[in-house]
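Student: Following this message is one structure expressed as structure tokens.
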Amino acid sequence: MIDLRSDTVTKPDEEMREAARTADVGDDVYEEDPTVADLEARAAERLGFEDALFFPTGTMANQVAARVHTERGQEVLADRQSHVVKYELGGLAQHSGLQLRTYDAERGVPSPEAVAEGYVAEDLHRPGTGLLCLENTHNARGGLAIEPERIAAAAEAAHERDVPVHLDGARVFNAAAALEVPVAELTDPVDSVMCSLSKGLGAPIGSLLAGSEAFVERARRTRKLFGGGMRQVGIVAAPALRALENADSLERDHEKASRLAAGLREIDGLAVQEPETNIVLVDVSETGLDVETILADWRERDVLATAFGPTTIRLVTHRDVADDDVEPALERIEASLSP
Ligand SMILES: Cc1ncc(COP(=O)(O)O)c(C=O)c1O
């Protein structure tokens with residue numbers, strides 16, 4: 001089976017399993033787990049923040065970040081296609097009483113003018129904008145690696161209005177690898193960042209939320225409130241520490257995605273967006289077939305991908321797709337779509 005549904009399907013390697021087995025642990029709610037402390041310190045340093053906090057999921061980290069940055073009833077400015085808008089079950093409203101003001105911007109990042117347009121000043125009638133939320137890489141827009149200047153310009157426009165900025169950087173290390181910049185250059189303009197270790201980096205579980213010391217202190221309390229205070233979680237942080245070391249090898253996944261896209265483009269009926277990282281979006285309208293029918297046939301041929309809209313399929317490369325899995329995947333897809 002060649003599983004191209006997501007980079008979240010990566011399984012822990014032997015080193016990670018061994019790290020989990022031998023991890024030094026303690027009760028992390030008492031802040032006594034040395035492995036978690038080590039992971040948080042290293043991640044904070046790498047991401048360029050004072051402190052970081054370990055979370056079971058990226059979703060929880062994004063939700064806690066929004067809660068800490070805002071007050072109930074405020075508006076969150078976010079891209080219409082972003083994960084917090086599309087895939088977190090309306091959590092901003094459910095958990096924190098926030099409402100969304102969405103925009104639709106090139107590469108998912110608002111221009112300074114768009115920030116000004118979306119901003120709502122607090123007054124007797126209006127709740128005010130409490131947060132700008134950006135995403136890098138941008139998943140639903142095809143794994144776009146958002147350039148540091150674009151993030152900096154949007155963040156500056158928000159900060160001019162005293163609006164903090166959170167970055168959903170679930171795949172921010174992919175962005176850094178693709179743009180060939182240190183990850184801290186992408187996170188420097190924002191006030192907090194979530195980054196996942198359980199996607200392309202290959203950890204079985206875990207995301208980090210980084211920010212100032214004061215922000216992380218409040219996030220720790222909010223994480224507890226959301227049920228995310230964990231005990232001997234060093235057993236999970238140990239493989240996550242290994243995963244952090246994989247950040248430097250993501251370029252290989254991007255190269256596989258680029259070969260995959262080039263091959264798919266040769267197949268009749270497929271319109272392929274040029275990948276910037278490890279995500280390939282394919283529009284299948286011209287095949288005359290519906291997405292579910294196509295995916296069911298690929299599954300029969302041992303290739304898995306994800307439905308990503310009425311006419312779009314998403315394929316994601318990752319550590320558990322071998323370099324030489326790309327050609328067989330392409331052959332099977334071509335055979336599936338040949339008349
Ligand atoms: C951009 C983005 N943000 C957040 C998340 C949520 O991460 P998790 O599945 O760990 O909750 C995902 C998951 O795929 C994602 O792609």
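Letters for chains follow the order of the structure tokens (A, B, ...), residue numbers begin at 1 for each chain, and ligand numbers begin at 1 in the order shown.
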Counting only C-alpha atoms and all ligand atoms, what are the residues, protein, DNA or RNA alike, that approach ligand 1 to within 7 Å? I want them as a list of chain:residue names.
Tutor: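 I would give the residues around ligand 1 as A:Thr57, A:Gly58, A:Thr59, A:Met60, A:His83, A:Val84, A:Glu135, A:Thr137, A:His138, A:Asn139, A:Asp168, A:Gly169, A:Ala170, A:Arg171, A:Ser196, A:Ser198, A:Gly206, A:Ser207.
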Student: Can you tell me which residues surround A:Val280 at a distance of at most 7 Å, considering only C-alpha atoms, apart from same-chain residues fewer than 6 positions away, and format the answer as a ChimeraX atom specification?
Tutor: /A:142,257,261,273,314-316
Student: Write a file of the just-selected residues containing all heavy atoms, as a short mmCIF file (atom, residue, chain, number, x, y, z; two decimals), in the first residue's frame.
Tutor:
data_model
loop_
_atom_site.label_atom_id
_atom_site.label_comp_id
_atom_site.auth_asym_id
_atom_site.auth_seq_id
_atom_site.Cartn_x
_atom_site.Cartn_y
_atom_site.Cartn_z
N GLY A 142 -2.77 24.01 -0.72
CA GLY A 142 -1.82 23.15 -1.43
C GLY A 142 -0.42 23.15 -0.85
O GLY A 142 0.56 23.03 -1.58
N ALA A 257 7.29 14.90 -3.78
CA ALA A 257 6.04 15.56 -4.20
C ALA A 257 6.21 16.18 -5.58
O ALA A 257 5.30 16.11 -6.43
CB ALA A 257 5.66 16.64 -3.19
N ALA A 261 4.03 15.19 -8.78
CA ALA A 261 3.24 16.19 -9.54
C ALA A 261 3.61 16.15 -11.01
O ALA A 261 2.72 16.20 -11.88
CB ALA A 261 3.49 17.58 -8.96
N GLN A 273 -1.68 21.23 -9.37
CA GLN A 273 -1.05 22.46 -8.85
C GLN A 273 0.40 22.16 -8.52
O GLN A 273 0.70 21.12 -7.92
CB GLN A 273 -1.81 22.89 -7.57
CG GLN A 273 -1.30 24.18 -6.96
CD GLN A 273 -2.11 24.59 -5.72
OE1 GLN A 273 -3.34 24.49 -5.71
NE2 GLN A 273 -1.42 25.03 -4.68
N ARG A 314 -6.16 15.27 -2.75
CA ARG A 314 -4.89 15.68 -2.16
C ARG A 314 -3.99 14.46 -1.97
O ARG A 314 -4.43 13.42 -1.46
CB ARG A 314 -5.12 16.34 -0.79
CG ARG A 314 -3.86 16.96 -0.20
CD ARG A 314 -4.06 17.44 1.22
NE ARG A 314 -4.16 16.31 2.14
CZ ARG A 314 -4.15 16.41 3.48
NH1 ARG A 314 -4.09 17.60 4.04
NH2 ARG A 314 -4.24 15.34 4.24
N LEU A 315 -2.74 14.58 -2.39
CA LEU A 315 -1.74 13.53 -2.16
C LEU A 315 -0.60 14.16 -1.37
O LEU A 315 -0.16 15.27 -1.70
CB LEU A 315 -1.19 12.97 -3.48
CG LEU A 315 -2.23 12.40 -4.45
CD1 LEU A 315 -2.62 13.44 -5.49
CD2 LEU A 315 -1.69 11.16 -5.14
N VAL A 316 -0.14 13.47 -0.34
CA VAL A 316 0.91 14.03 0.53
C VAL A 316 2.07 13.04 0.62
O VAL A 316 1.87 11.85 0.92
CB VAL A 316 0.35 14.30 1.95
CG1 VAL A 316 1.39 15.00 2.81
CG2 VAL A 316 -0.93 15.14 1.88
#
Student: Measure the distance from atom CA of A:Ala145 to atom CA of A:Asn62 in Å and round it to one decimal.
Tutor: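 Taking atom CA of A:Ala145 as the start and atom CA of A:Asn62 as the end point, the length is 19.1 Å.
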Student: Any idea what's packed within 9 Å of A:Thr102, counting only C-alpha atoms, ignoring anything in its chain fewer than 2 positions away? Could you give it as a list in words?
Tutor: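 Within the cut-off, the hits are Val76, Leu77, Ala78, Asp79, Arg80, Gln81, Val85, Leu100, Asp104 and Gly118 of chain A.
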Student: Could those residues be written to a file, using all heavy atoms, as a short mmCIF file (atom, residue, chain, number, x, y, z; two decimals), in the first residue's frame?
Tutor:
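Output contents, as saved in part_21.cif:
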data_model
loop_
_atom_site.label_atom_id
_atom_site.label_comp_id
_atom_site.auth_asym_id
_atom_site.auth_seq_id
_atom_site.Cartn_x
_atom_site.Cartn_y
_atom_site.Cartn_z
N VAL A 76 -11.89 36.94 15.34
CA VAL A 76 -10.60 36.40 14.88
C VAL A 76 -10.57 36.55 13.36
O VAL A 76 -11.49 36.09 12.67
CB VAL A 76 -10.43 34.92 15.28
CG1 VAL A 76 -9.14 34.35 14.69
CG2 VAL A 76 -10.45 34.76 16.78
N LEU A 77 -9.54 37.19 12.89
CA LEU A 77 -9.37 37.40 11.45
C LEU A 77 -8.55 36.22 10.91
O LEU A 77 -7.43 35.97 11.38
CB LEU A 77 -8.61 38.72 11.29
CG LEU A 77 -8.58 39.44 9.95
CD1 LEU A 77 -9.97 39.65 9.39
CD2 LEU A 77 -7.85 40.78 10.12
N ALA A 78 -9.14 35.48 9.96
CA ALA A 78 -8.44 34.28 9.47
C ALA A 78 -8.85 33.99 8.03
O ALA A 78 -9.95 34.36 7.58
CB ALA A 78 -8.79 33.08 10.35
N ASP A 79 -7.95 33.33 7.31
CA ASP A 79 -8.22 32.96 5.92
C ASP A 79 -9.38 31.95 5.85
O ASP A 79 -9.45 31.01 6.64
CB ASP A 79 -6.96 32.34 5.30
CG ASP A 79 -7.18 31.88 3.87
OD1 ASP A 79 -7.83 32.61 3.11
OD2 ASP A 79 -6.72 30.77 3.53
N ARG A 80 -10.23 32.17 4.86
CA ARG A 80 -11.40 31.32 4.63
C ARG A 80 -11.02 29.83 4.49
O ARG A 80 -11.80 28.96 4.83
CB ARG A 80 -12.02 31.84 3.32
CG ARG A 80 -13.26 31.25 2.85
CD ARG A 80 -13.89 32.19 1.84
NE ARG A 80 -13.30 32.10 0.51
CZ ARG A 80 -13.55 31.14 -0.37
NH1 ARG A 80 -14.36 30.15 -0.06
NH2 ARG A 80 -13.01 31.16 -1.57
N GLN A 81 -9.82 29.58 3.98
CA GLN A 81 -9.38 28.20 3.74
C GLN A 81 -8.50 27.65 4.86
O GLN A 81 -7.87 26.61 4.71
CB GLN A 81 -8.55 28.14 2.45
CG GLN A 81 -9.25 28.61 1.22
CD GLN A 81 -10.10 27.51 0.63
OE1 GLN A 81 -10.34 26.49 1.27
NE2 GLN A 81 -10.56 27.70 -0.58
N VAL A 85 -10.43 27.64 10.55
CA VAL A 85 -11.78 27.95 10.05
C VAL A 85 -12.49 26.69 9.56
O VAL A 85 -13.65 26.46 9.88
CB VAL A 85 -11.70 28.99 8.90
CG1 VAL A 85 -13.06 29.19 8.24
CG2 VAL A 85 -11.15 30.32 9.42
N LEU A 100 -15.65 34.57 13.85
CA LEU A 100 -14.68 34.67 12.77
C LEU A 100 -15.02 35.80 11.82
O LEU A 100 -16.18 36.01 11.51
CB LEU A 100 -14.67 33.38 11.96
CG LEU A 100 -13.97 32.18 12.58
CD1 LEU A 100 -14.33 30.92 11.81
CD2 LEU A 100 -12.46 32.39 12.57
N ASP A 104 -10.31 36.23 2.02
CA ASP A 104 -9.87 35.31 0.97
C ASP A 104 -8.69 35.98 0.29
O ASP A 104 -8.89 36.89 -0.52
CB ASP A 104 -11.03 35.10 -0.01
CG ASP A 104 -10.74 33.97 -0.98
OD1 ASP A 104 -9.73 33.27 -0.80
OD2 ASP A 104 -11.52 33.80 -1.92
N GLY A 118 -10.29 44.30 7.37
CA GLY A 118 -10.94 43.29 8.22
C GLY A 118 -10.97 43.68 9.69
O GLY A 118 -11.74 43.12 10.48
#
Student: From the options A:Pro239, A:Leu47, A:Val120, A:Ala155, which residue's atoms come nearest to A:Ala23, counting only C-alpha atoms?
Tutor: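 Between A:Pro239, A:Leu47, A:Val120, A:Ala155, the residue approaching A:Ala23 most closely is A:Pro239.
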Student: Just checking: using only C-alpha atoms, which residue out of A:Thr312, A:Gln63, A:Thr129, A:Thr35 ends up closest to A:Glu75?
Tutor: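 Using only C-alpha atoms, the shortest distance to A:Glu75 belongs to A:Thr129.
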Student: Go through stretch 165-272 of chain A and flag each residue having an atom no more than 9 Å from stretch 325-328 of chain A; for those, report the closest pair of atoms plus their distance in Å to one decimal, using only C-alpha atoms, ordered by chain and rising number, as JSON lines.
Tutor:
{"residue": "A:Lys256", "atom": "CA", "partner": "A:Val326", "partner_atom": "CA", "distance": 6.8}
{"residue": "A:Ala257", "atom": "CA", "partner": "A:Val326", "partner_atom": "CA", "distance": 8.5}
{"residue": "A:Arg259", "atom": "CA", "partner": "A:Val326", "partner_atom": "CA", "distance": 7.3}
{"residue": "A:Leu260", "atom": "CA", "partner": "A:Val326", "partner_atom": "CA", "distance": 6.1}
{"residue": "A:Gly263", "atom": "CA", "partner": "A:Glu327", "partner_atom": "CA", "distance": 8.1}
Student: Using only C-alpha atoms, determine which residues lie at most 9 Å from A:Ser336, disregarding the query and same-chain residues fewer than 4 positions distant; provide the list as an MDAnalysis selection string.
Tutor: chainID A and resid 294 297:298 301 331:332
Student: If DSSP is run on the backbone, what residues of stretch 48-275 of chain A are strand (DSSP E)? A reply as a VMD selection string would be ideal.
Tutor: chain A and resid 51 to 55 75 to 79 99 to 103 129 to 135 165 to 168 192 to 196 207 to 211 271 to 272
Student: A:Pro12: which residues within 12 Å, counting only C-alpha atoms, same-chain residues fewer than 6 positions away excluded, as a VMD selection string?
Tutor: chain A and resid 18 to 20 197 to 205 236 238 to 243 246 319 to 320
Student: Smallest atom-to-atom distance to A:Arg46: which of A:Glu245, A:Glu160, A:Glu71, A:Glu117, using only C-alpha atoms?
Tutor: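 Closest to A:Arg46, using only C-alpha atoms: A:Glu245.
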Student: Within 6 Å of A:Gly211, counting only C-alpha atoms, which residues show up once you throw out same-chain ones fewer than 5 positions away? Write them as a short mmCIF file (atom, residue, chain, number, x, y, z; two decimals) with N, CA, C and O atoms, in the first residue's frame, please.
Tutor:
data_model
loop_
_atom_site.label_atom_id
_atom_site.label_comp_id
_atom_site.auth_asym_id
_atom_site.auth_seq_id
_atom_site.Cartn_x
_atom_site.Cartn_y
_atom_site.Cartn_z
N PHE A 49 11.51 31.60 20.41
CA PHE A 49 10.64 32.18 21.45
C PHE A 49 11.22 31.92 22.84
O PHE A 49 12.07 31.05 23.01
N ASP A 51 9.65 30.58 25.39
CA ASP A 51 9.20 29.34 26.02
C ASP A 51 8.29 28.57 25.06
O ASP A 51 7.81 29.13 24.07
N SER A 192 2.80 34.03 18.60
CA SER A 192 2.82 32.63 19.04
C SER A 192 2.79 31.75 17.81
O SER A 192 2.30 32.16 16.75
#
Student: Got a sec: who's within 12 Å of A:Asp191, counting only C-alpha atoms, leaving out chain neighbours fewer than 5 positions off, as a PyMOL selection string?
Tutor: chain A and resi 47-51+65-66+68-69+131-134+151-152+155-156+158-159+162-168+186+209-216
Student: Next, dump the selected residues to file, keeping only N, CA, C and O atoms, as a compact mmCIF listing (two decimals), in the first residue's frame.
Tutor:
# COMPACT_ATOMS: atom_id res chain seq x y z
N LEU A 47 12.46 27.69 17.56
CA LEU A 47 11.40 28.52 16.99
C LEU A 47 11.61 30.01 17.29
O LEU A 47 10.86 30.85 16.79
N GLY A 48 12.58 30.30 18.14
CA GLY A 48 12.92 31.70 18.42
C GLY A 48 12.01 32.37 19.44
O GLY A 48 11.77 33.58 19.35
N PHE A 49 11.51 31.60 20.41
CA PHE A 49 10.64 32.18 21.45
C PHE A 49 11.22 31.92 22.84
O PHE A 49 12.07 31.05 23.01
N GLU A 50 10.68 32.63 23.84
CA GLU A 50 11.18 32.45 25.20
C GLU A 50 10.85 31.08 25.76
O GLU A 50 11.61 30.49 26.51
N ASP A 51 9.65 30.58 25.39
CA ASP A 51 9.20 29.34 26.02
C ASP A 51 8.29 28.57 25.06
O ASP A 51 7.81 29.13 24.07
N ALA A 65 -4.16 28.75 22.11
CA ALA A 65 -3.53 30.02 21.72
C ALA A 65 -4.59 31.09 21.51
O ALA A 65 -4.47 32.21 22.02
N ALA A 66 -5.64 30.74 20.79
CA ALA A 66 -6.70 31.72 20.52
C ALA A 66 -7.35 32.18 21.82
O ALA A 66 -7.61 33.37 22.02
N VAL A 68 -6.03 32.27 24.81
CA VAL A 68 -5.13 33.09 25.62
C VAL A 68 -4.99 34.51 25.04
O VAL A 68 -4.93 35.48 25.78
N HIS A 69 -5.00 34.59 23.72
CA HIS A 69 -4.78 35.91 23.10
C HIS A 69 -6.01 36.82 23.16
O HIS A 69 -5.88 38.02 22.95
N LEU A 131 -7.54 38.83 17.34
CA LEU A 131 -6.43 37.97 16.87
C LEU A 131 -6.42 37.89 15.35
O LEU A 131 -7.48 37.82 14.73
N LEU A 132 -5.22 37.89 14.80
CA LEU A 132 -5.03 37.51 13.39
C LEU A 132 -4.38 36.13 13.40
O LEU A 132 -3.36 35.93 14.09
N CYS A 133 -4.96 35.18 12.68
CA CYS A 133 -4.41 33.83 12.64
C CYS A 133 -3.92 33.52 11.23
O CYS A 133 -4.71 33.59 10.28
N LEU A 134 -2.64 33.20 11.10
CA LEU A 134 -2.05 32.85 9.80
C LEU A 134 -1.69 31.37 9.77
O LEU A 134 -1.67 30.72 10.83
N ILE A 151 4.43 37.33 5.73
CA ILE A 151 3.99 37.17 7.11
C ILE A 151 4.29 38.45 7.89
O ILE A 151 3.44 38.96 8.64
N ALA A 152 5.49 38.98 7.68
CA ALA A 152 5.91 40.17 8.42
C ALA A 152 4.99 41.35 8.11
O ALA A 152 4.61 42.10 9.02
N ALA A 155 1.64 40.80 9.82
CA ALA A 155 1.79 40.91 11.28
C ALA A 155 1.98 42.37 11.69
O ALA A 155 1.41 42.82 12.69
N GLU A 156 2.74 43.10 10.90
CA GLU A 156 2.98 44.50 11.24
C GLU A 156 1.66 45.29 11.20
O GLU A 156 1.37 46.10 12.10
N ALA A 158 -1.27 44.13 11.72
CA ALA A 158 -2.08 43.73 12.90
C ALA A 158 -1.53 44.41 14.15
O ALA A 158 -2.29 44.99 14.95
N HIS A 159 -0.22 44.36 14.31
CA HIS A 159 0.39 44.93 15.52
C HIS A 159 0.15 46.44 15.62
O HIS A 159 -0.04 46.96 16.72
N ASP A 162 -2.72 46.87 17.58
CA ASP A 162 -2.68 46.13 18.85
C ASP A 162 -3.35 44.77 18.78
O ASP A 162 -3.92 44.28 19.77
N VAL A 163 -3.34 44.16 17.59
CA VAL A 163 -3.91 42.82 17.43
C VAL A 163 -2.76 41.81 17.41
O VAL A 163 -1.85 41.93 16.58
N PRO A 164 -2.76 40.83 18.32
CA PRO A 164 -1.70 39.82 18.29
C PRO A 164 -1.86 38.86 17.11
O PRO A 164 -2.96 38.77 16.53
N VAL A 165 -0.79 38.17 16.79
CA VAL A 165 -0.81 37.27 15.62
C VAL A 165 -0.37 35.87 16.06
O VAL A 165 0.68 35.70 16.68
N HIS A 166 -1.20 34.89 15.72
CA HIS A 166 -0.85 33.48 15.96
C HIS A 166 -0.59 32.81 14.62
O HIS A 166 -1.34 33.02 13.67
N LEU A 167 0.45 31.99 14.58
CA LEU A 167 0.75 31.25 13.36
C LEU A 167 0.45 29.77 13.58
O LEU A 167 1.04 29.15 14.47
N ASP A 168 -0.48 29.24 12.77
CA ASP A 168 -0.67 27.79 12.73
C ASP A 168 0.45 27.26 11.84
O ASP A 168 0.34 27.27 10.62
N LEU A 186 10.63 32.70 9.95
CA LEU A 186 9.19 32.65 9.63
C LEU A 186 8.34 32.96 10.86
O LEU A 186 7.20 33.40 10.74
N LEU A 209 3.39 24.64 21.34
CA LEU A 209 2.93 26.02 21.22
C LEU A 209 4.03 26.88 21.84
O LEU A 209 4.39 26.68 23.01
N ALA A 210 4.56 27.80 21.05
CA ALA A 210 5.66 28.64 21.54
C ALA A 210 5.24 30.10 21.58
O ALA A 210 4.41 30.55 20.78
N GLY A 211 5.82 30.83 22.55
CA GLY A 211 5.51 32.26 22.68
C GLY A 211 6.36 32.85 23.80
O GLY A 211 7.36 32.26 24.21
N SER A 212 5.93 33.99 24.31
CA SER A 212 6.66 34.62 25.41
C SER A 212 6.44 33.79 26.68
O SER A 212 5.51 32.98 26.75
N GLU A 213 7.27 34.06 27.70
CA GLU A 213 7.09 33.34 28.97
C GLU A 213 5.70 33.57 29.55
O GLU A 213 5.04 32.64 30.01
N ALA A 214 5.24 34.82 29.51
CA ALA A 214 3.92 35.15 30.07
C ALA A 214 2.81 34.44 29.30
O ALA A 214 1.86 33.91 29.89
N PHE A 215 2.96 34.38 27.97
CA PHE A 215 1.95 33.71 27.14
C PHE A 215 1.91 32.21 27.48
O PHE A 215 0.83 31.62 27.66
N VAL A 216 3.08 31.60 27.59
CA VAL A 216 3.13 30.15 27.85
C VAL A 216 2.59 29.83 29.25
O VAL A 216 1.93 28.81 29.45
Student: For A:Leu53, which of A:Leu124, A:Tyr87, A:Val321, A:Asp38 is the closest residue, counting only C-alpha atoms?
Tutor: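 Counting only C-alpha atoms, the residue closest to A:Leu53 is A:Asp38.
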Student: Looking only at the backbone, which of the residues in stretch 44-266 of chain A does DSSP tag as helix (DSSP H, G or I), as JSON, numbers by chain?
Tutor: {"A": [44, 45, 46, 47, 58, 59, 60, 61, 62, 63, 64, 65, 66, 67, 68, 69, 83, 84, 85, 86, 91, 92, 93, 94, 95, 96, 106, 107, 108, 112, 113, 114, 115, 116, 117, 118, 148, 149, 150, 151, 152, 153, 154, 155, 156, 157, 158, 159, 172, 173, 174, 175, 176, 177, 178, 179, 183, 184, 185, 186, 187, 213, 214, 215, 216, 217, 218, 219, 220, 221, 222, 223, 224, 225, 234, 235, 236, 237, 238, 239, 240, 241, 242, 243, 244, 245, 246, 247, 248, 249, 251, 252, 253, 254, 255, 256, 257, 258, 259, 260, 261, 262, 263, 264, 265]}
Student: Nearest residue to A:Phe54 out of A:Asp302, A:Arg67, A:Met194, A:Arg252, using only C-alpha atoms?
Tutor: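 The closest residue to A:Phe54 is A:Met194.
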Student: Quick one: pull the distance between atom CA of A:Ala61 and atom CA of A:Pro34, Å, one decimal.
Tutor: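 That distance, rounded to one decimal, is 20.8 Å.
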Student: In Å, how far is it from atom CA of A:Leu98 to atom CA of A:Thr8?
Tutor: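 Between atom CA of A:Leu98 and atom CA of A:Thr8 the gap works out to 28.2 Å.
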